[in-house]
>>> print(open('work12.cif').read())   # mmCIF, C-alpha atoms and all ligand atoms
data_coords
loop_
_atom_site.group_PDB
_atom_site.id
_atom_site.type_symbol
_atom_site.label_atom_id
_atom_site.label_comp_id
_atom_site.auth_asym_id
_atom_site.auth_seq_id
_atom_site.Cartn_x
_atom_site.Cartn_y
_atom_site.Cartn_z
ATOM 1 C CA MET A 225 31.653 45.824 75.023
ATOM 2 C CA ILE A 226 31.921 42.279 73.718
ATOM 3 C CA THR A 227 30.547 41.695 70.242
ATOM 4 C CA SER A 228 29.753 38.249 68.912
ATOM 5 C CA ASN A 229 27.905 36.357 66.223
ATOM 6 C CA GLY A 230 26.337 32.924 66.084
ATOM 7 C CA TYR A 231 23.124 31.012 66.451
ATOM 8 C CA PHE A 232 21.699 33.906 68.463
ATOM 9 C CA GLY A 233 22.630 36.436 65.796
ATOM 10 C CA LYS A 234 24.914 39.415 66.023
ATOM 11 C CA ASN A 235 25.095 40.668 69.589
ATOM 12 C CA VAL A 236 26.829 42.959 72.063
ATOM 13 C CA MET A 237 27.162 42.779 75.842
ATOM 14 C CA ALA A 238 28.915 44.934 78.441
ATOM 15 C CA ALA A 239 31.790 43.257 80.285
ATOM 16 C CA GLU A 240 33.721 45.221 82.849
ATOM 17 C CA TRP A 241 35.764 42.143 83.687
ATOM 18 C CA THR A 242 37.940 42.480 80.618
ATOM 19 C CA MET A 243 41.709 42.574 80.781
ATOM 20 C CA GLN A 244 44.860 42.014 78.810
ATOM 21 C CA ILE A 245 46.686 39.002 80.215
ATOM 22 C CA SER A 246 49.630 38.488 77.825
ATOM 23 C CA TYR A 247 51.778 40.580 75.481
ATOM 24 C CA ASN A 248 53.013 37.856 73.170
ATOM 25 C CA PRO A 249 50.721 36.354 72.094
ATOM 26 C CA LEU A 250 48.432 39.274 72.790
ATOM 27 C CA LEU A 251 45.656 37.763 74.901
ATOM 28 C CA ILE A 252 42.556 39.312 76.432
ATOM 29 C CA ALA A 253 40.483 37.580 79.109
ATOM 30 C CA ILE A 254 36.791 38.292 79.621
ATOM 31 C CA PHE A 255 34.577 36.773 82.301
ATOM 32 C CA LEU A 256 31.018 36.006 81.317
ATOM 33 C CA HIS A 257 28.042 34.617 83.216
ATOM 34 C CA GLU A 258 26.706 31.283 81.958
ATOM 35 C CA SER A 259 23.342 32.577 80.796
ATOM 36 C CA SER A 260 24.690 35.315 78.534
ATOM 37 C CA VAL A 261 23.856 34.969 74.879
ATOM 38 C CA THR A 262 27.361 36.257 74.137
ATOM 39 C CA LEU A 263 28.904 33.182 75.764
ATOM 40 C CA LYS A 264 26.692 30.871 73.734
ATOM 41 C CA ASN A 265 27.698 32.693 70.554
ATOM 42 C CA ILE A 266 31.422 32.499 71.414
ATOM 43 C CA ARG A 267 31.188 28.784 72.209
ATOM 44 C CA GLU A 268 29.702 28.265 68.760
ATOM 45 C CA THR A 269 31.816 30.525 66.542
ATOM 46 C CA ARG A 270 35.000 30.671 68.688
ATOM 47 C CA GLU A 271 35.538 34.372 68.037
ATOM 48 C CA PHE A 272 34.521 37.735 69.462
ATOM 49 C CA GLY A 273 35.274 41.458 69.427
ATOM 50 C CA VAL A 274 36.502 43.506 72.378
ATOM 51 C CA ASN A 275 35.414 47.121 72.047
ATOM 52 C CA VAL A 276 36.767 49.395 74.770
ATOM 53 C CA ALA A 277 34.104 52.077 75.038
ATOM 54 C CA SER A 278 35.065 55.732 74.991
ATOM 55 C CA ASP A 279 33.782 58.129 77.625
ATOM 56 C CA LYS A 280 31.145 59.296 75.095
ATOM 57 C CA GLN A 281 29.593 55.830 74.870
ATOM 58 C CA SER A 282 28.024 55.233 78.291
ATOM 59 C CA THR A 283 24.540 55.015 76.730
ATOM 60 C CA LEU A 284 25.698 52.243 74.422
ATOM 61 C CA VAL A 285 27.292 50.335 77.309
ATOM 62 C CA ASN A 286 24.083 50.755 79.265
ATOM 63 C CA ILE A 287 22.095 49.170 76.457
ATOM 64 C CA ALA A 288 24.686 46.391 75.974
ATOM 65 C CA GLY A 289 24.664 45.574 79.680
ATOM 66 C CA GLY A 290 21.025 46.243 80.473
ATOM 67 C CA TYR A 291 19.373 43.748 78.120
ATOM 68 C CA SER A 292 20.148 40.307 76.801
ATOM 69 C CA GLY A 293 20.322 39.497 73.115
ATOM 70 C CA SER A 294 17.510 37.037 73.874
ATOM 71 C CA GLU A 295 15.333 40.009 74.856
ATOM 72 C CA ILE A 296 15.993 42.607 72.152
ATOM 73 C CA ASP A 297 18.244 43.082 69.153
ATOM 74 C CA LYS A 298 20.589 45.522 70.888
ATOM 75 C CA LEU A 299 22.641 46.276 67.820
ATOM 76 C CA LYS A 300 19.520 47.527 65.990
ATOM 77 C CA VAL A 301 18.388 49.929 68.713
ATOM 78 C CA LYS A 302 17.496 53.199 66.987
ATOM 79 C CA ASN A 303 20.144 55.947 67.063
ATOM 80 C CA SER A 304 22.653 53.796 68.889
ATOM 81 C CA PHE A 305 25.412 51.584 67.509
ATOM 82 C CA THR A 306 27.444 52.253 64.388
ATOM 83 C CA PHE A 307 29.947 49.767 63.073
ATOM 84 C CA LEU A 308 33.357 49.387 61.520
ATOM 85 C CA LYS A 309 34.223 46.673 59.049
ATOM 86 C CA SER A 310 35.837 43.775 60.869
ATOM 87 C CA LYS A 311 38.858 42.321 59.108
ATOM 88 C CA HIS A 312 39.197 38.775 60.445
ATOM 89 C CA ILE A 313 36.058 37.834 62.315
ATOM 90 C CA LYS A 314 32.351 37.699 61.541
ATOM 91 C CA SER A 315 31.395 39.473 64.766
ATOM 92 C CA PRO A 316 30.587 43.155 64.356
ATOM 93 C CA ILE A 317 33.009 45.862 65.528
ATOM 94 C CA ILE A 318 31.671 49.023 67.140
ATOM 95 C CA ALA A 319 32.744 52.419 65.817
ATOM 96 C CA ASN A 320 34.093 55.322 67.903
ATOM 97 C CA CYS A 321 35.641 53.133 70.598
ATOM 98 C CA ALA A 322 39.038 53.699 72.235
ATOM 99 C CA ILE A 323 40.165 50.183 71.246
ATOM 100 C CA ASN A 324 38.758 47.498 68.960
ATOM 101 C CA ALA A 325 40.293 44.035 69.135
ATOM 102 C CA GLU A 326 39.241 41.135 66.963
ATOM 103 C CA CYS A 327 39.808 37.914 68.905
ATOM 104 C CA GLN A 328 39.877 34.209 68.236
ATOM 105 C CA LEU A 329 39.033 31.869 71.097
ATOM 106 C CA PHE A 330 42.262 30.721 72.769
ATOM 107 C CA PHE A 331 41.050 29.174 76.024
ATOM 108 C CA ILE A 332 37.792 28.780 77.886
ATOM 109 C CA LYS A 333 37.195 27.600 81.456
ATOM 110 C CA LYS A 334 34.537 27.944 84.089
ATOM 111 C CA ILE A 335 35.987 29.742 87.087
ATOM 112 C CA GLY A 336 33.737 30.180 90.101
ATOM 113 C CA ASP A 337 30.364 31.421 88.883
ATOM 114 C CA HIS A 338 31.658 32.913 85.614
ATOM 115 C CA VAL A 339 33.384 31.539 82.539
ATOM 116 C CA MET A 340 36.821 32.838 81.667
ATOM 117 C CA VAL A 341 37.078 33.322 77.922
ATOM 118 C CA VAL A 342 40.544 34.124 76.631
ATOM 119 C CA GLY A 343 40.843 35.566 73.161
ATOM 120 C CA LYS A 344 43.929 35.822 70.990
ATOM 121 C CA VAL A 345 43.986 39.215 69.326
ATOM 122 C CA VAL A 346 44.266 38.898 65.560
ATOM 123 C CA VAL A 347 43.552 42.522 64.658
ATOM 124 C CA ILE A 348 43.746 45.561 66.908
ATOM 125 C CA ARG A 349 42.858 49.185 66.281
ATOM 126 C CA TYR A 350 43.015 52.052 68.712
ATOM 127 C CA ASP A 351 42.260 55.732 68.726
ATOM 128 C CA GLU A 352 44.526 57.671 71.053
ATOM 129 C CA THR A 353 42.241 60.701 70.900
ATOM 130 C CA LYS A 354 39.505 58.724 72.671
ATOM 131 C CA LYS A 355 39.528 58.266 76.431
ATOM 132 C CA PRO A 356 38.160 54.995 77.821
ATOM 133 C CA LEU A 357 34.960 55.002 79.829
ATOM 134 C CA LEU A 358 35.342 53.959 83.468
ATOM 135 C CA TYR A 359 32.839 51.864 85.422
ATOM 136 C CA HIS A 360 33.038 51.814 89.198
ATOM 137 C CA THR A 361 30.450 50.716 91.778
ATOM 138 C CA GLY A 362 27.745 50.674 89.140
ATOM 139 C CA ARG A 363 28.350 54.188 87.807
ATOM 140 C CA TYR A 364 30.158 55.589 84.782
ATOM 141 C CA TYR A 365 33.116 57.957 85.044
ATOM 142 C CA GLN A 366 35.731 59.700 82.947
ATOM 143 C CA ILE A 367 39.452 59.374 83.550
ATOM 144 C CA GLY A 368 40.415 62.042 86.078
ATOM 145 C CA SER A 369 43.617 63.932 86.658
ATOM 146 C CA LEU A 370 47.013 62.278 86.617
ATOM 147 C CA ILE A 371 48.296 61.003 89.957
ATOM 148 C CA GLU A 372 52.060 61.118 90.352
ATOM 149 C CA PRO A 373 53.318 59.039 93.281
ATOM 150 C CA PHE A 374 55.246 61.298 95.638
ATOM 151 C CA ARG A 375 58.803 62.019 94.624
ATOM 152 C CA GLN A 376 61.147 64.120 96.724
ATOM 153 C CA LYS A 377 62.784 66.983 94.838
ATOM 154 C CA VAL A 378 66.494 67.395 95.431
ATOM 155 C CA LYS A 379 68.491 70.280 94.007
ATOM 156 C CA VAL A 380 71.949 68.928 93.298
ATOM 157 C CA ASN A 381 75.123 70.388 91.887
ATOM 158 C CA LYS A 382 76.213 69.863 88.274
ATOM 159 C CA CYS A 383 78.697 67.144 89.161
ATOM 160 C CA THR A 384 76.116 65.037 91.033
ATOM 161 C CA PHE A 385 73.529 65.581 88.328
ATOM 162 C CA ASP A 386 75.842 64.658 85.470
ATOM 163 C CA TRP A 387 76.898 61.551 87.321
ATOM 164 C CA PHE A 388 73.385 60.221 87.759
ATOM 165 C CA LEU A 389 72.355 61.325 84.281
ATOM 166 C CA LYS A 390 75.147 59.185 82.898
ATOM 167 C CA GLU A 391 74.174 56.311 85.169
ATOM 168 C CA ALA A 392 70.569 56.519 83.932
ATOM 169 C CA LYS A 393 71.649 56.074 80.295
ATOM 170 C CA GLY A 394 68.512 57.831 79.095
ATOM 171 C CA LYS A 395 66.180 55.799 81.286
ATOM 172 C CA PHE A 396 63.113 57.654 82.606
ATOM 173 C CA ILE A 397 63.820 56.280 86.090
ATOM 174 C CA LEU A 398 67.218 55.149 87.329
ATOM 175 C CA LYS A 399 66.932 52.320 89.849
ATOM 176 C CA CYS A 400 69.695 51.984 92.440
ATOM 177 C CA THR A 401 70.337 50.280 95.727
ATOM 178 C CA GLY A 402 72.626 51.781 98.321
ATOM 179 C CA ALA A 403 73.859 51.493 101.883
ATOM 180 C CA ILE A 404 73.959 54.214 104.471
ATOM 181 C CA ILE A 405 76.674 53.116 106.814
ATOM 182 C CA LYS A 406 77.294 55.045 109.954
ATOM 183 C CA SER A 407 80.199 54.916 112.266
ATOM 184 C CA GLY A 408 79.772 57.283 115.133
ATOM 185 C CA ARG A 409 78.715 60.592 113.594
ATOM 186 C CA LYS A 410 80.198 59.833 110.224
ATOM 187 C CA VAL A 411 78.791 58.321 107.063
ATOM 188 C CA LEU A 412 80.671 56.088 104.679
ATOM 189 C CA PHE A 413 81.422 57.542 101.271
ATOM 190 C CA LEU A 414 82.975 55.580 98.452
ATOM 191 C CA LYS A 415 84.637 56.697 95.275
ATOM 192 C CA HIS A 416 82.732 55.585 92.190
ATOM 193 C CA VAL A 417 84.528 55.792 88.872
ATOM 194 C CA LYS A 418 82.825 55.629 85.509
ATOM 195 C CA ASN A 419 83.989 56.715 82.060
ATOM 196 C CA SER A 420 86.686 58.953 83.494
ATOM 197 C CA MET A 421 84.172 60.569 85.851
ATOM 198 C CA THR A 422 84.748 60.229 89.570
ATOM 199 C CA TYR A 423 82.034 60.650 92.113
ATOM 200 C CA GLY A 424 82.032 60.222 95.863
ATOM 201 C CA THR A 425 78.823 59.117 97.495
ATOM 202 C CA ILE A 426 77.362 56.364 99.656
ATOM 203 C CA PRO A 427 78.123 52.849 98.410
ATOM 204 C CA TYR A 428 75.517 52.109 95.766
ATOM 205 C CA LEU A 429 75.024 50.087 92.630
ATOM 206 C CA LYS A 430 72.536 49.473 89.869
ATOM 207 C CA PRO A 431 71.236 45.983 90.631
ATOM 208 C CA LYS A 432 70.494 43.548 87.842
ATOM 209 C CA ARG A 433 66.826 42.930 87.175
ATOM 210 C CA GLY A 434 65.333 40.202 89.374
ATOM 211 C CA VAL A 435 68.397 40.010 91.622
ATOM 212 C CA ASN A 436 67.999 40.497 95.370
ATOM 213 C CA TYR A 437 68.953 44.066 96.277
ATOM 214 C CA PHE A 438 70.046 43.331 99.843
ATOM 215 C CA GLN A 439 72.356 40.527 98.772
ATOM 216 C CA SER A 440 73.734 42.641 95.922
ATOM 217 C CA ILE A 441 74.742 45.520 98.160
ATOM 218 C CA GLN A 442 76.115 43.111 100.773
ATOM 219 C CA LYS A 443 78.267 41.470 98.112
ATOM 220 C CA TYR A 444 79.386 44.846 96.867
ATOM 221 C CA LEU A 445 80.469 45.944 100.343
ATOM 222 C CA LYS A 446 82.249 42.664 100.934
ATOM 223 C CA GLY A 447 84.062 43.138 97.633
ATOM 224 C CA HIS A 448 85.362 46.425 98.988
ATOM 225 C CA GLY A 449 86.619 44.669 102.101
ATOM 226 C CA LEU A 450 84.029 46.352 104.284
ATOM 227 C CA LYS A 451 82.722 44.590 107.333
ATOM 228 C CA VAL A 452 79.311 46.099 107.940
ATOM 229 C CA ARG A 453 76.091 45.071 109.544
ATOM 230 C CA LEU A 454 73.125 46.018 107.370
ATOM 231 C CA LYS A 455 69.531 46.086 108.494
ATOM 232 C CA PRO A 456 67.463 44.112 105.973
ATOM 233 C CA GLU A 457 64.462 46.519 105.959
ATOM 234 C CA PRO A 458 64.479 48.351 102.630
ATOM 235 C CA ILE A 459 64.018 52.123 102.714
ATOM 236 C CA VAL A 460 62.381 53.503 99.603
ATOM 237 C CA LYS A 461 63.568 56.906 98.404
ATOM 238 C CA ARG A 462 61.925 58.213 95.262
ATOM 239 C CA LEU A 463 63.846 61.284 94.209
ATOM 240 C CA VAL A 464 63.877 63.733 91.374
ATOM 241 C CA LEU A 465 67.284 65.280 90.996
ATOM 242 C CA GLU A 466 67.194 68.825 89.699
ATOM 243 C CA ASN A 467 69.956 70.916 88.198
ATOM 244 C CA LYS A 468 68.912 74.144 86.499
ATOM 245 C CA ASN A 469 66.245 73.025 84.012
ATOM 246 C CA ARG A 470 67.281 69.416 83.963
ATOM 247 C CA ILE A 471 65.684 66.597 85.949
ATOM 248 C CA GLN A 472 66.416 62.920 86.464
ATOM 249 C CA ARG A 473 64.216 60.542 88.426
ATOM 250 C CA VAL A 474 66.104 58.169 90.709
ATOM 251 C CA ASN A 475 64.564 55.404 92.808
ATOM 252 C CA PHE A 476 66.807 54.311 95.633
ATOM 253 C CA ILE A 477 66.366 51.267 97.829
ATOM 254 C CA LEU A 478 68.541 51.979 100.834
ATOM 255 C CA PHE A 479 69.736 49.788 103.668
ATOM 256 C CA GLU A 480 71.007 51.250 106.880
ATOM 257 C CA GLY A 481 74.081 49.771 108.421
ATOM 258 C CA THR A 482 76.796 50.232 110.969
ATOM 259 C CA THR A 483 80.459 49.465 111.122
ATOM 260 C CA ARG A 484 83.150 49.688 113.761
ATOM 261 C CA SER A 485 86.310 49.662 111.748
ATOM 262 C CA ILE A 486 86.972 51.149 108.365
ATOM 263 C CA SER A 487 90.627 51.512 107.725
ATOM 264 C CA SER A 488 91.413 52.677 104.227
ATOM 265 C CA GLN A 489 87.984 53.892 103.140
ATOM 266 C CA ILE A 490 86.735 57.431 103.086
ATOM 267 C CA LEU A 491 84.452 57.956 106.032
ATOM 268 C CA LEU A 492 82.893 61.328 105.823
ATOM 269 C CA GLN A 493 80.102 63.369 107.147
ATOM 270 C CA LYS A 494 79.108 65.761 104.414
ATOM 271 C CA LYS A 495 76.525 68.079 105.841
ATOM 272 C CA ASP A 496 76.274 70.074 102.609
ATOM 273 C CA ASP A 497 75.574 67.090 100.364
ATOM 274 C CA ALA A 498 71.962 67.566 99.169
ATOM 275 C CA LEU A 499 71.595 63.974 98.121
ATOM 276 C CA LEU A 500 72.815 62.680 101.460
ATOM 277 C CA LYS A 501 70.376 64.954 103.252
ATOM 278 C CA ALA A 502 67.560 63.534 101.109
ATOM 279 C CA PHE A 503 68.489 60.050 102.229
ATOM 280 C CA TYR A 504 68.097 61.037 105.853
ATOM 281 C CA ASN A 505 64.841 62.969 105.589
HETATM 282 C C1 LIG B 1 28.836 48.208 82.814
HETATM 283 C C2 LIG B 1 28.468 46.754 82.839
HETATM 284 C C3 LIG B 1 29.462 45.815 82.953
HETATM 285 C C4 LIG B 1 29.144 44.445 82.953
HETATM 286 N N1 LIG B 1 30.163 43.537 83.068
HETATM 287 C C5 LIG B 1 29.885 42.212 83.001
HETATM 288 C C6 LIG B 1 30.930 41.256 83.042
HETATM 289 O O1 LIG B 1 32.118 41.569 83.135
HETATM 290 N N2 LIG B 1 30.592 39.940 82.969
HETATM 291 C C7 LIG B 1 29.276 39.531 82.841
HETATM 292 O O2 LIG B 1 29.056 38.335 82.782
HETATM 293 N N3 LIG B 1 28.278 40.433 82.800
HETATM 294 C C8 LIG B 1 28.534 41.746 82.859
HETATM 295 N N4 LIG B 1 27.525 42.669 82.775
HETATM 296 C C9 LIG B 1 26.157 42.182 82.556
HETATM 297 C C10 LIG B 1 25.927 41.792 81.097
HETATM 298 O O3 LIG B 1 26.350 42.785 80.202
HETATM 299 C C11 LIG B 1 24.406 41.497 80.910
HETATM 300 O O4 LIG B 1 24.071 40.356 81.635
HETATM 301 C C12 LIG B 1 23.989 41.384 79.459
HETATM 302 O O5 LIG B 1 22.585 41.442 79.416
HETATM 303 C C13 LIG B 1 24.421 40.102 78.801
HETATM 304 O O6 LIG B 1 24.049 40.213 77.447
HETATM 305 P P1 LIG B 1 23.836 38.980 76.468
HETATM 306 O O7 LIG B 1 22.913 37.986 77.142
HETATM 307 O O8 LIG B 1 23.203 39.592 75.254
HETATM 308 O O9 LIG B 1 25.162 38.365 76.180
HETATM 309 C C14 LIG B 1 27.807 44.029 82.830
HETATM 310 C C15 LIG B 1 26.804 44.999 82.732
HETATM 311 C C16 LIG B 1 27.122 46.343 82.734
HETATM 312 C C17 LIG B 1 26.055 47.365 82.633
#
>>> encode(input="work12.cif", output="structure tokens")
Amino acid sequence: MITSNGYFGKNVMAAEWTMQISYNPLLIAIFLHESSVTLKNIRETREFGVNVASDKQSTLVNIAGGYSGSEIDKLKVKNSFTFLKSKHIKSPIIANCAINAECQLFFIKKIGDHVMVVGKVVVIRYDETKKPLLYHTGRYYQIGSLIEPFRQKVKVNKCTFDWFLKEAKGKFILKCTGAIIKSGRKVLFLKHVKNSMTYGTIPYLKPKRGVNYFQSIQKYLKGHGLKVRLKPEPIVKRLVLENKNRIQRVNFILFEGTTRSISSQILLQKKDDALLKAFYN
């Protein structure tokens, strides 16, 4: 719900097209139709409030979106809106919302048949106990159950687990890229050494953010004197490594490859390696 003040008086409208578009500065964009009283108010006073409705406020949103401020004084509708004291702006702020942001006009531009109004947040309040109201195909909804993207569970031994735990450095998800290199019926394993721990597994590395994964693993293999042909199609493996009561999420981007000659490297087929099996399934 967008609150405003101006020539047309204090007002509120519903705006589903509302989104955060920058962290620093904290910016929120709203998209308003030309004839809305709210837009006229914002053009005049260059400020507005963004009030993210809670799932208990669908009636209020319905009022805000169902009538124009030119038709009725929405904010004075009996038994409806209650307000908080705004700190920086003269627009009202609606109570019992999930988020209240006081905004100053940062940018305004007509885009297609609506006007994009970007506000810089000068004061923000939120109530984590309140769940935001959802609006989809003209109806109101509550937030439903959590959806976890599929992650394959892999029971690994203590050594494997400790290795990846250390690699993750406390991160919720460890991101890796690796190569599965076959030669005949065997798979290439390399020795990785870190902080006096040694671990043998497929060649893999933690790529730097923004750096091309395929090129990184190619470079890595070349650095080990390995002549391999990698297929460029990335294979996504989202795993959760389990050891007793401990878990670590690991996202692998794998590339399959082949090689003819590996002289000094360890080329192994480890049928009992749970992690390796997960890569193949
Ligand atoms: C749930 C809901 C979401 C809406 N979202 C938008 C929106 O994003 N942009 C817009 O221009 N109008 C939107 N509307 C329509 C306006 O809220 C409506 O035109 C309102 O009467 C404008 O009020 P005003 O003239 O007092 O500013 C929405 C309406 C509803 C019910």
>>> residues_near_point(input="work12.cif", point="(35.9, 53.1, 72.6)", cutoff="7 Å", atoms="all atoms listed in the file", output="MDAnalysis selection string")
chainID A and resid 275:278 320:323 354 356
>>> residues_near_ligand(input="work12.cif", ligand="ligand LIG 1 (chain B)", cutoff="7 Å", atoms="only C-alpha atoms and all ligand atoms", output="list in words")
Asn235, Val236, Met237, Ala238, Ala239, Glu240, Trp241, Thr242, Ile254, Phe255, Leu256, His257, Ser259, Ser260, Val261, Thr262, Leu263, Val285, Asn286, Ala288, Gly289, Gly290, Tyr291, Ser292, Gly293, Ser294, His338, Tyr359 and Gly362 of chain A
>>> resolve_selection(input="work12.cif", expression="the PyMOL selection byres (((chain A and resi 267) around 12) and not hetatm)", output="MDAnalysis selection string")
chainID A and resid 228:232 256 258 260:266 268:272 328:333 339:343
>>> residues_around(input="work12.cif", residues="region 300-313 of chain A", least_positions_apart="5", cutoff="7 Å", atoms="only C-alpha atoms", output="list in words")
Glu271, Leu284, Ile318, Ala319 and Glu326 of chain A
>>> residues_around(input="work12.cif", residues="region 405-415 of chain A", least_positions_apart="2", cutoff="7 Å", atoms="all atoms listed in the file", output="PyMOL selection string")
chain A and resi 403+417+422-427+480-484+490-493
>>> closest_residue(input="work12.cif", among="A:Thr353, A:Thr401, A:Asn381, A:Asn419", to="Lys468 (chain A)", atoms="only C-alpha atoms")
A:Asn381
>>> atom_distance(input="work12.cif", atom1="CA of Thr283 (chain A)", atom2="CA of Asp337 (chain A)")
27.2 Å
>>> decode(input="work12.cif", residues="region 403-436 of chain A", atoms="C-alpha atoms", output="CSV table (one decimal), in the first residue's frame")
chain,number,residue,atom,x,y,z
A,403,ALA,CA,35.8,-32.7,-13.4
A,404,ILE,CA,34.8,-36.3,-13.8
A,405,ILE,CA,37.5,-37.7,-16.1
A,406,LYS,CA,37.2,-41.2,-17.3
A,407,SER,CA,39.8,-43.4,-18.9
A,408,GLY,CA,38.4,-46.8,-19.8
A,409,ARG,CA,36.6,-48.0,-16.7
A,410,LYS,CA,38.6,-45.8,-14.4
A,411,VAL,CA,38.0,-42.4,-12.9
A,412,LEU,CA,40.7,-39.8,-12.2
A,413,PHE,CA,41.3,-39.1,-8.5
A,414,LEU,CA,43.6,-36.4,-7.3
A,415,LYS,CA,45.2,-35.8,-4.0
A,416,HIS,CA,44.0,-32.5,-2.4
A,417,VAL,CA,46.0,-31.2,0.6
A,418,LYS,CA,44.7,-28.6,2.9
A,419,ASN,CA,45.8,-27.6,6.4
A,420,SER,CA,47.6,-30.9,6.9
A,421,MET,CA,44.5,-32.8,5.8
A,422,THR,CA,44.8,-35.0,2.7
A,423,TYR,CA,41.8,-36.0,0.7
A,424,GLY,CA,41.6,-38.0,-2.6
A,425,THR,CA,38.7,-37.2,-4.9
A,426,ILE,CA,37.9,-36.0,-8.4
A,427,PRO,CA,39.8,-32.9,-9.4
A,428,TYR,CA,37.8,-30.0,-8.1
A,429,LEU,CA,38.2,-26.5,-6.8
A,430,LYS,CA,36.3,-23.6,-5.3
A,431,PRO,CA,36.0,-21.1,-8.1
A,432,LYS,CA,36.3,-17.4,-7.5
A,433,ARG,CA,33.1,-15.5,-7.7
A,434,GLY,CA,32.3,-14.3,-11.2
A,435,VAL,CA,35.0,-16.4,-12.8
A,436,ASN,CA,34.1,-18.9,-15.5
